[in-house]
Structure formats: C-alpha cells, structure tokens
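Q: Below is a structure I'd like to ask you about.
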Amino acid sequence: MNESDARCAVLVRAYETAPPAQTDGRWSEDDRAWATQAALQREGEQASAAAFIARRARLAAGRLGSRDHGARRALRALTWRPWIGWALALAAFVAGVATDAIGPARRINVLAPPLLALLAWNLLVYVALLARASARLARAGAPGPGPLARQIARAAGALAPGRRIERLTPLLAGFARDWTVAGAALTAARVARMLHAAAAALAAGALSGMYVRGLALEYRAGWESTFLDAAAVHAILSVVLGPAAAISGIGLPDAAGLAAIRSSVSPGENAARWIHLYALTVTLFVLAPRALLALGHFLRERRLARRFPLALDDGYFQALARAQHGVAAAIRILPYSYRPGARAALGLNALMLRVFGPKSEVSVAPTVAFGEEDALDPALIPGATVALVAALFPLTATPERENHGVFIDAVAARLPPATPFALLIDESAFRQRFGQPGGAGAARRDERRAAWQRMLAASGRVAVFVDLEAQDYTDAARALRAAIDKAPAGAAQD
C-alpha cells in the first residue's frame, strides 16, 4: 500500500465509522457494500489484505470525491507538495551566495571567518542529532519536531494547522488528525531530508559566492587577537584546518609565518590558500555529512511512501479483511445483570450482521449477576481470537463504578491480546418503561446516557447506545464501528 492509497483508506474509514448525521447521506451502507464488492472483483480473495484494502480505498475515495467537495479538498490539502523541498533548497542556496563568507573590507581573519560560524552551527546540529538517537535507543523518547520543522510540514501539506482543523467538519477534522498520526514517520523523514538538503545548499551557496567574489577581488588574510600569540594560533588552526591541509596538500604556515601576517604588523597575505582550506573544511564537515544525511532520509522517505506503514490490525480493517476472505466473524456477548429477550437477541444478530457481514456468529454468554463481577468465571471469556467481545448492559440500570466499572475492567483484563472490546447499552426496556422518545421520555433517556458516559469517561471507553428491539440499526452499526476502531483492544487500554 503506497502513501496515496493509505491516505484514501484513512479518509474512507473516517466516513464509514462516522455517525450518519455527519456523512449527511454522502456515504451509505449500500456504498460500503459496493466498494467491498468492487474491490473483490478486481483483486479477488487470494490478494493480500493490504492490496484489497488499498483497491477498495481508491474506489471509495473516487466515489466520495465526486459527491463531497470537502472530502476532495481535504485529500488534496493533506497531499505532500514536493516543490516545497526544492524551493527551500533554492532559497538556502541564494542566501548562501548573498552571504559574505569571507569578511568585510576584503579581509579575512583566519581565526574568525564567517565560515567558522557555519561550522560551529553544524557541529551543534550533529550533537543534537546524536542526542536524539541516543534518547531513542534508550527508549526515553526523542524530542518532538521544532517550530521550523512543523511549519515546513504544514506548508508542504503533511500537517493541518490546529486552527484549520477546528474549522473543518467533525468528520474531516478526525480524518486530518488520523492522517497526521499515521503519516508521522514519513513526514519526519521528509522534513529531515529537506532541512539537511537546505543546510547543504546554504553551505554550497556560501562557497560559490566566496569563489565568485574571489575572481574579481583580491582578499587578504591575516589575524589578530588580544590573548593568543602565533604559537597558540598555529595550534588552533592545525586542529580546525589540519584535515583539509592533509587532503589538499596545501600547507599551513608555521608559527613564524603566522607571526608575519599578524594584522598589527602586516597587511596580510593573499587569501587564496586560506579560502581553499576553509572551503575544503566546510565541504568535509558540512556539505558531505549533510548530503549523506539528506540521502539517507530520502531513501527512508521513498521506502515509506511506497510501502506506507498503515496499521491494519484495528477492528475496522480486520472486518474488511474478513469480508474479503469470507471468514466468519465470531462475536461474544457478555450480559451483566441483564438477559436480553428473544426480540433483543434477534436485534443483536441483526446489528452484528450489519457490522461484520453475513457470516457473523453471535454467542451470548450466561448473565453475570449484579455483585458477582469480582468472581468472573474465566470460561465466559473466549480464549481464541474473536472479531469482538461486547459487554451488554440495560439502560434501565444506574451505572456504578464499583459494580459495572469493575465488571468492565475485569473483562478487559482477561481478553486475549488485541481483541476488540465494546460496550453496548440496550435501550429497549427503557423505552418500554418510559414510552417512545420525545418529551419527558427523551429527557430521562438523555440523563441516563449522560450518567453512563460520565462513568466511562475516566477509563476512556465509549458506550454504544442501541435499541435492540428496533427495526433500524444503521446508526448503532456506525457507532459500533467507530467504537471498535477507536478502542480496538480492551486489554490494551488498561
């Protein structure tokens, strides 16, 4: 799956897990089924899950774009703009050419030319890069990108500014945030490549400008210092320019030669050899390392763009993979202090068929009685990987952290790794007791929903409210997909 396919997949996931009110009819269950069937016809059941999901994402994004201008604009806005890198490198080169890398008044102080600041800055950068690498190896976490890196990423389309996200619809804002997270590694490689290339271009521009000026003007070299004598200057220059002198064969003057070009006693000497030595030093310690770093990040960038590391292990993508291969989805329902009636049980099956496809296999465990959550029978929890484990509660129950919350935590702690875990709240008995939604009944229902949401907020879990005896499960199916996608594994949240 390449970068473009992954971006389409994240966009389509945002539409297919959003409440119907957010899609406003632009993407329906029929569209979802069409995208799956069309991708199956083109890729077949034998294709890899990544290839199938990529094909489906391209088809679905094409249909979405023809209906929703916002989706098309969001895809385009978050598409990387390669020209930003070339423009940054060109600007850096021009800035380097415009910089007087030798010094004012056509004189160069061999102890402190402007090029020395360029060398010092790059040395600090190398130290910072080593520190980041050491922190990453030590699992201490690397610092986040700096302000300059974030601005470059936004200009190039990899990040959406927070204020722009806030102006988007909730659906597209969620897509922008999800894509920013999914593409973080690729964005980091691109920004690093651009910055290293710009640093190399700045150095190349400074050297080019220096030599162009040297063709038309004569520069003189000397030195001056309040505290250093010729011997100390020779020792310093041997360290700074020694590698360049050894490679080029251009000799450094000895202490006596340096004493002869001291500014207080001499107008200096022709600066050609000093220009050559500093140019070669900058090439060795700035141009070459930065170019190699840029090349390394470019290779990583190209690999990530061609084989984008989009995680396909969440509930949403796993459901698509099962649909591709026609694998039955096993769903385990764990009721707490509630036993669904015959109509509610049929509703459970209908809901899971909408979410997981026609081969869904729903099993309802024996009810766990109120107060028995501390002695949860391990046999209730499936030992093998299943498509979903869902705890089922009635809305008529007043949620209590020491009972309902303990039951939820106990189930989550016993789930096999990466098993999707959801919380279903059945509203059918509540509706029968307080009447159809509207008026006082709606107010009571909303109060009870809010109580459940407050109880679950501390653990970061989301409840899916559904009337299991209703005839339409469209909203509940979308809400359940969203809950599975955003909270894929019960145990992983603890």
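If you're wondering about the labels, chains in the structure tokens are A, B, ... by order shown, residues count from 1 in each chain, ligands from 1 in order shown.
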Segment 332-345 of chain A: which residues within 8 Å, counting only C-alpha atoms, same-chain residues fewer than 4 positions away excluded, as an mmCIF file with C-alpha atoms, in the first residue's frame?
A:
data_model
loop_
_atom_site.group_PDB
_atom_site.id
_atom_site.type_symbol
_atom_site.label_atom_id
_atom_site.label_comp_id
_atom_site.auth_asym_id
_atom_site.auth_seq_id
_atom_site.Cartn_x
_atom_site.Cartn_y
_atom_site.Cartn_z
ATOM 1 C CA ASN A 349 -27.759 -10.646 15.482
ATOM 2 C CA VAL A 362 -23.022 -14.365 17.712
ATOM 3 C CA SER A 363 -22.875 -16.220 21.031
ATOM 4 C CA VAL A 364 -24.430 -14.855 24.220
ATOM 5 C CA ALA A 365 -22.759 -15.921 27.485
ATOM 6 C CA PRO A 366 -24.706 -16.626 30.680
ATOM 7 C CA THR A 367 -25.611 -13.457 32.525
ATOM 8 C CA VAL A 368 -23.230 -12.256 35.217
ATOM 9 C CA ALA A 369 -25.346 -11.336 38.209
ATOM 10 C CA PHE A 370 -25.059 -7.954 39.911
ATOM 11 C CA LEU A 380 -17.036 -16.690 29.892
ATOM 12 C CA PRO A 382 -13.153 -16.558 24.758
ATOM 13 C CA VAL A 386 -12.658 -13.287 18.035
ATOM 14 C CA LEU A 388 -15.488 -8.695 19.028
ATOM 15 C CA VAL A 389 -16.220 -9.125 22.702
ATOM 16 C CA ALA A 390 -19.050 -6.868 23.871
ATOM 17 C CA ALA A 391 -20.322 -6.246 27.372
ATOM 18 C CA LEU A 392 -24.098 -5.745 27.360
ATOM 19 C CA PHE A 393 -25.986 -3.582 29.875
ATOM 20 C CA PRO A 394 -29.559 -2.261 30.059
ATOM 21 C CA HIS A 404 -20.443 -2.002 36.315
ATOM 22 C CA PHE A 407 -17.051 -5.795 35.568
ATOM 23 C CA SER A 428 -35.348 -1.271 24.561
ATOM 24 C CA LEU A 468 -32.136 -3.856 20.230
ATOM 25 C CA GLU A 469 -35.864 -4.228 19.575
#
Q: Tell me which protein, DNA and RNA residues are within 8 Å of Val233 of chain A, counting only C-alpha atoms, leaving out same-chain ones fewer than 5 positions away, and put them as a ChimeraX atom specification.
A: /A:111,228,255,258
Q: For the residues in the current selection, export C-alpha atoms as a PDB file, in the first residue's frame.
A:
ATOM      1  CA  LEU A 111      40.875  32.947  13.295  1.00  0.00           C
ATOM      2  CA  LEU A 228      46.716  34.495  21.644  1.00  0.00           C
ATOM      3  CA  ALA A 255      54.275  29.966  13.962  1.00  0.00           C
ATOM      4  CA  LEU A 258      51.663  33.321  11.161  1.00  0.00           C
TER       5      LEU A 258
END
Q: Rounded to one decimal, what separation in Å do you get between atom CA of Pro20 of chain A and atom CA of Ser66 of chain A?
A: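 Separation between atom CA of Pro20 of chain A and atom CA of Ser66 of chain A: 18.6 Å.
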Q: Please run DSSP on the backbone and report, as a PyMOL selection string, all residues within segment 377-494 of chain A that come out as strand (DSSP E).
A: chain A and resi 388-394+421-426+463-466
Q: Can I get the selected residues back with C-alpha atoms, as a compact mmCIF listing (two decimals), in the first residue's frame?
A:
# COMPACT_ATOMS: atom_id res chain seq x y z
CA LEU A 388 -15.49 -8.70 19.03
CA VAL A 389 -16.22 -9.13 22.70
CA ALA A 390 -19.05 -6.87 23.87
CA ALA A 391 -20.32 -6.25 27.37
CA LEU A 392 -24.10 -5.74 27.36
CA PHE A 393 -25.99 -3.58 29.88
CA PRO A 394 -29.56 -2.26 30.06
CA PHE A 421 -13.85 -4.79 23.15
CA ALA A 422 -17.07 -2.74 23.04
CA LEU A 423 -19.77 -1.69 25.48
CA LEU A 424 -23.41 -1.99 24.36
CA ILE A 425 -26.24 -0.27 26.25
CA ASP A 426 -29.66 -1.66 25.29
CA ALA A 463 -20.62 3.28 25.10
CA VAL A 464 -22.74 2.35 22.08
CA PHE A 465 -26.42 3.03 22.77
CA VAL A 466 -28.84 0.89 20.77
Q: Could you work out how far atom CA of Ala387 of chain A lies from atom CA of Gly183 of chain A, giving the answer in Å with one decimal?
A: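 The value is 26.7 Å.
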Q: How many Å separate atom CA of Leu287 of chain A from atom CA of Ala200 of chain A?
A: 4.9 Å
Q: Might you pull out every residue within 10 Å of Ala294 of chain A, with only C-alpha atoms counted and same-chain residues fewer than 4 positions away left off, and present them as a short mmCIF file (atom, residue, chain, number, x, y, z; two decimals) with N, CA and C atoms, in the first residue's frame?
A:
data_model
loop_
_atom_site.label_atom_id
_atom_site.label_comp_id
_atom_site.auth_asym_id
_atom_site.auth_seq_id
_atom_site.Cartn_x
_atom_site.Cartn_y
_atom_site.Cartn_z
N ALA A 189 10.68 11.97 8.06
CA ALA A 189 11.75 11.69 7.10
C ALA A 189 11.82 12.78 6.04
N ARG A 190 10.67 13.24 5.57
CA ARG A 190 10.66 14.27 4.54
C ARG A 190 11.21 15.60 5.06
N VAL A 191 10.74 16.01 6.23
CA VAL A 191 11.20 17.29 6.77
C VAL A 191 12.70 17.22 7.06
N ALA A 192 13.17 16.10 7.61
CA ALA A 192 14.60 15.96 7.88
C ALA A 192 15.40 16.03 6.58
N ARG A 193 14.92 15.35 5.55
CA ARG A 193 15.61 15.40 4.26
C ARG A 193 15.68 16.82 3.73
N MET A 194 14.58 17.56 3.83
CA MET A 194 14.55 18.93 3.33
C MET A 194 15.50 19.84 4.11
N LEU A 195 15.53 19.68 5.43
CA LEU A 195 16.39 20.53 6.25
C LEU A 195 17.86 20.23 5.99
N HIS A 196 18.22 18.95 5.88
CA HIS A 196 19.61 18.62 5.59
C HIS A 196 20.01 19.11 4.19
N ALA A 197 19.11 18.95 3.23
CA ALA A 197 19.40 19.43 1.88
C ALA A 197 19.54 20.95 1.86
N ALA A 198 18.71 21.65 2.63
CA ALA A 198 18.80 23.11 2.69
C ALA A 198 20.10 23.54 3.36
N ALA A 199 20.53 22.82 4.39
CA ALA A 199 21.80 23.15 5.05
C ALA A 199 22.96 22.95 4.08
N ALA A 200 22.92 21.87 3.31
CA ALA A 200 23.97 21.65 2.31
C ALA A 200 23.94 22.73 1.24
N ALA A 288 29.38 17.40 2.87
CA ALA A 288 29.33 15.94 2.72
C ALA A 288 28.42 15.28 3.75
N PRO A 289 28.57 15.59 5.07
CA PRO A 289 27.67 14.95 6.05
C PRO A 289 26.20 15.29 5.81
N ARG A 290 25.92 16.56 5.49
CA ARG A 290 24.52 16.94 5.28
C ARG A 290 23.95 16.26 4.03
N PHE A 298 16.10 10.58 2.40
CA PHE A 298 15.38 10.43 1.13
C PHE A 298 15.07 8.96 0.86
N LEU A 299 16.04 8.08 1.10
CA LEU A 299 15.80 6.65 0.88
C LEU A 299 14.72 6.13 1.82
N ARG A 300 14.75 6.59 3.07
CA ARG A 300 13.71 6.19 4.03
C ARG A 300 12.35 6.75 3.60
#
Q: Please list as number ranges by chain every residue within 12 Å of Arg433 of chain A, counting only C-alpha atoms and excluding residues in the same chain fewer than 4 positions away.
A: A: 395-396, 427-429, 437, 440-442, 444-445
Q: Of the candidates A:Ala50, A:Ala92, A:Ala271, A:Ala256, which shows the shortest atom-to-atom distance to Leu202 of chain A, using only C-alpha atoms?
A: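 Going through A:Ala50, A:Ala92, A:Ala271, A:Ala256 one by one, the smallest distance to Leu202 of chain A is for A:Ala92.
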Q: When you count only C-alpha atoms, which of these residues is closest to Leu78 of chain A: A:Ala21, A:Ala6, A:Ala35, A:Val94?
A: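 Smallest distance to Leu78 of chain A is found for A:Ala6.
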Q: Excluding same-chain residues fewer than 4 positions from Arg56 of chain A, what lies within 7 Å of it counting only C-alpha atoms, as a PDB file with C-alpha atoms, in the first residue's frame?
A:
ATOM      1  CA  ALA A  35     -16.853  -0.651  -2.504  1.00  0.00           C
ATOM      2  CA  THR A  36     -16.193  -4.054  -0.930  1.00  0.00           C
ATOM      3  CA  ALA A  39     -12.596  -4.350  -4.809  1.00  0.00           C
ATOM      4  CA  PHE A  52      -7.590  -5.404  -1.188  1.00  0.00           C
ATOM      5  CA  ALA A  60     -14.418   4.516  -2.431  1.00  0.00           C
TER       6      ALA A  60
END
Q: Given the choices A:Ser238, A:Thr281, A:Thr17, A:Gln324, which gets closest to Ala476 of chain A if the distance is worked out from only C-alpha atoms?
A: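 That would be A:Thr17, the residue with the smallest distance to Ala476 of chain A.
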Q: Please, which residues of segment 16-56 of chain A, numbered as in this document, come out helix (DSSP H, G or I) from DSSP, as a VMD selection string?
A: chain A and resid 16 20 to 23 29 to 43 49 to 56
Q: Keeping only N, CA and C atoms, write the selected residues to a file as a PDB file, in the first residue's frame.
A:
ATOM      1  N   GLU A  16     -16.829   5.871   7.094  1.00  0.00           N
ATOM      2  CA  GLU A  16     -17.558   4.638   7.404  1.00  0.00           C
ATOM      3  C   GLU A  16     -17.697   4.385   8.895  1.00  0.00           C
ATOM      4  N   PRO A  20     -24.277   8.729  10.984  1.00  0.00           N
ATOM      5  CA  PRO A  20     -24.943   9.130   9.737  1.00  0.00           C
ATOM      6  C   PRO A  20     -25.160  10.634   9.628  1.00  0.00           C
ATOM      7  N   ALA A  21     -25.397  11.306  10.753  1.00  0.00           N
ATOM      8  CA  ALA A  21     -25.634  12.747  10.709  1.00  0.00           C
ATOM      9  C   ALA A  21     -24.427  13.498  10.170  1.00  0.00           C
ATOM     10  N   GLN A  22     -23.216  12.956  10.384  1.00  0.00           N
ATOM     11  CA  GLN A  22     -22.012  13.633   9.915  1.00  0.00           C
ATOM     12  C   GLN A  22     -21.777  13.392   8.418  1.00  0.00           C
ATOM     13  N   THR A  23     -22.170  12.223   7.921  1.00  0.00           N
ATOM     14  CA  THR A  23     -21.971  11.951   6.495  1.00  0.00           C
ATOM     15  C   THR A  23     -23.042  12.609   5.644  1.00  0.00           C
ATOM     16  N   GLU A  29     -24.663   2.620   3.630  1.00  0.00           N
ATOM     17  CA  GLU A  29     -24.345   1.197   3.738  1.00  0.00           C
ATOM     18  C   GLU A  29     -24.262   0.558   2.350  1.00  0.00           C
ATOM     19  N   ASP A  30     -25.107   1.014   1.427  1.00  0.00           N
ATOM     20  CA  ASP A  30     -25.035   0.488   0.053  1.00  0.00           C
ATOM     21  C   ASP A  30     -23.701   0.843  -0.605  1.00  0.00           C
ATOM     22  N   ASP A  31     -23.223   2.055  -0.341  1.00  0.00           N
ATOM     23  CA  ASP A  31     -21.913   2.444  -0.880  1.00  0.00           C
ATOM     24  C   ASP A  31     -20.805   1.588  -0.280  1.00  0.00           C
ATOM     25  N   ARG A  32     -20.906   1.322   0.996  1.00  0.00           N
ATOM     26  CA  ARG A  32     -19.911   0.483   1.665  1.00  0.00           C
ATOM     27  C   ARG A  32     -19.874  -0.906   1.030  1.00  0.00           C
ATOM     28  N   ALA A  33     -21.054  -1.488   0.824  1.00  0.00           N
ATOM     29  CA  ALA A  33     -21.122  -2.815   0.215  1.00  0.00           C
ATOM     30  C   ALA A  33     -20.614  -2.793  -1.225  1.00  0.00           C
ATOM     31  N   TRP A  34     -20.939  -1.721  -1.966  1.00  0.00           N
ATOM     32  CA  TRP A  34     -20.452  -1.601  -3.340  1.00  0.00           C
ATOM     33  C   TRP A  34     -18.927  -1.567  -3.394  1.00  0.00           C
ATOM     34  N   ALA A  35     -18.306  -0.775  -2.508  1.00  0.00           N
ATOM     35  CA  ALA A  35     -16.853  -0.651  -2.504  1.00  0.00           C
ATOM     36  C   ALA A  35     -16.200  -1.999  -2.213  1.00  0.00           C
ATOM     37  N   THR A  36     -16.756  -2.743  -1.268  1.00  0.00           N
ATOM     38  CA  THR A  36     -16.193  -4.054  -0.930  1.00  0.00           C
ATOM     39  C   THR A  36     -16.316  -5.011  -2.106  1.00  0.00           C
ATOM     40  N   GLN A  37     -17.494  -5.052  -2.722  1.00  0.00           N
ATOM     41  CA  GLN A  37     -17.709  -5.973  -3.839  1.00  0.00           C
ATOM     42  C   GLN A  37     -16.867  -5.595  -5.052  1.00  0.00           C
ATOM     43  N   ALA A  38     -16.766  -4.309  -5.347  1.00  0.00           N
ATOM     44  CA  ALA A  38     -15.972  -3.874  -6.495  1.00  0.00           C
ATOM     45  C   ALA A  38     -14.495  -4.198  -6.303  1.00  0.00           C
ATOM     46  N   ALA A  39     -13.995  -4.023  -5.081  1.00  0.00           N
ATOM     47  CA  ALA A  39     -12.596  -4.350  -4.809  1.00  0.00           C
ATOM     48  C   ALA A  39     -12.365  -5.855  -4.900  1.00  0.00           C
ATOM     49  N   LEU A  40     -13.343  -6.633  -4.449  1.00  0.00           N
ATOM     50  CA  LEU A  40     -13.230  -8.098  -4.553  1.00  0.00           C
ATOM     51  C   LEU A  40     -13.165  -8.537  -6.009  1.00  0.00           C
ATOM     52  N   GLN A  41     -13.965  -7.924  -6.851  1.00  0.00           N
ATOM     53  CA  GLN A  41     -13.962  -8.301  -8.266  1.00  0.00           C
ATOM     54  C   GLN A  41     -12.616  -7.999  -8.926  1.00  0.00           C
ATOM     55  N   ARG A  42     -11.959  -6.944  -8.484  1.00  0.00           N
ATOM     56  CA  ARG A  42     -10.690  -6.565  -9.103  1.00  0.00           C
ATOM     57  C   ARG A  42      -9.490  -7.271  -8.488  1.00  0.00           C
ATOM     58  N   GLU A  43      -9.524  -7.528  -7.185  1.00  0.00           N
ATOM     59  CA  GLU A  43      -8.369  -8.115  -6.510  1.00  0.00           C
ATOM     60  C   GLU A  43      -8.533  -9.606  -6.231  1.00  0.00           C
ATOM     61  N   ALA A  49      -4.444  -8.683   2.201  1.00  0.00           N
ATOM     62  CA  ALA A  49      -5.387  -7.741   2.797  1.00  0.00           C
ATOM     63  C   ALA A  49      -5.010  -6.300   2.445  1.00  0.00           C
ATOM     64  N   ALA A  50      -3.710  -6.001   2.429  1.00  0.00           N
ATOM     65  CA  ALA A  50      -3.280  -4.635   2.109  1.00  0.00           C
ATOM     66  C   ALA A  50      -3.668  -4.250   0.691  1.00  0.00           C
ATOM     67  N   ALA A  51      -3.497  -5.178  -0.250  1.00  0.00           N
ATOM     68  CA  ALA A  51      -3.850  -4.879  -1.645  1.00  0.00           C
ATOM     69  C   ALA A  51      -5.354  -4.685  -1.789  1.00  0.00           C
ATOM     70  N   PHE A  52      -6.132  -5.525  -1.129  1.00  0.00           N
ATOM     71  CA  PHE A  52      -7.590  -5.404  -1.188  1.00  0.00           C
ATOM     72  C   PHE A  52      -8.050  -4.083  -0.583  1.00  0.00           C
ATOM     73  N   ILE A  53      -7.529  -3.739   0.598  1.00  0.00           N
ATOM     74  CA  ILE A  53      -7.935  -2.511   1.267  1.00  0.00           C
ATOM     75  C   ILE A  53      -7.506  -1.291   0.457  1.00  0.00           C
ATOM     76  N   ALA A  54      -6.330  -1.371  -0.169  1.00  0.00           N
ATOM     77  CA  ALA A  54      -5.867  -0.250  -0.995  1.00  0.00           C
ATOM     78  C   ALA A  54      -6.781  -0.050  -2.193  1.00  0.00           C
ATOM     79  N   ARG A  55      -7.128  -1.143  -2.871  1.00  0.00           N
ATOM     80  CA  ARG A  55      -8.024  -1.035  -4.028  1.00  0.00           C
ATOM     81  C   ARG A  55      -9.380  -0.476  -3.609  1.00  0.00           C
ATOM     82  N   ARG A  56      -9.899  -1.000  -2.512  1.00  0.00           N
ATOM     83  CA  ARG A  56     -11.203  -0.546  -2.030  1.00  0.00           C
ATOM     84  C   ARG A  56     -11.154   0.938  -1.670  1.00  0.00           C
TER      85      ARG A  56
END
Q: Using only C-alpha atoms for the distances, tell me which of A:Val10, A:Ala112, A:Leu186, A:Leu310 is nearest to Trp80 of chain A.
A: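 So, comparing all the options, the nearest one is A:Leu186.
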Q: Let me make sure I understand: among A:Leu115, A:Ala173, A:Ala319, A:Glu301, which one has the smallest atom-to-atom distance to Thr283 of chain A if we use only C-alpha atoms?
A: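 Ranking A:Leu115, A:Ala173, A:Ala319, A:Glu301 by distance to Thr283 of chain A, first place goes to A:Leu115.
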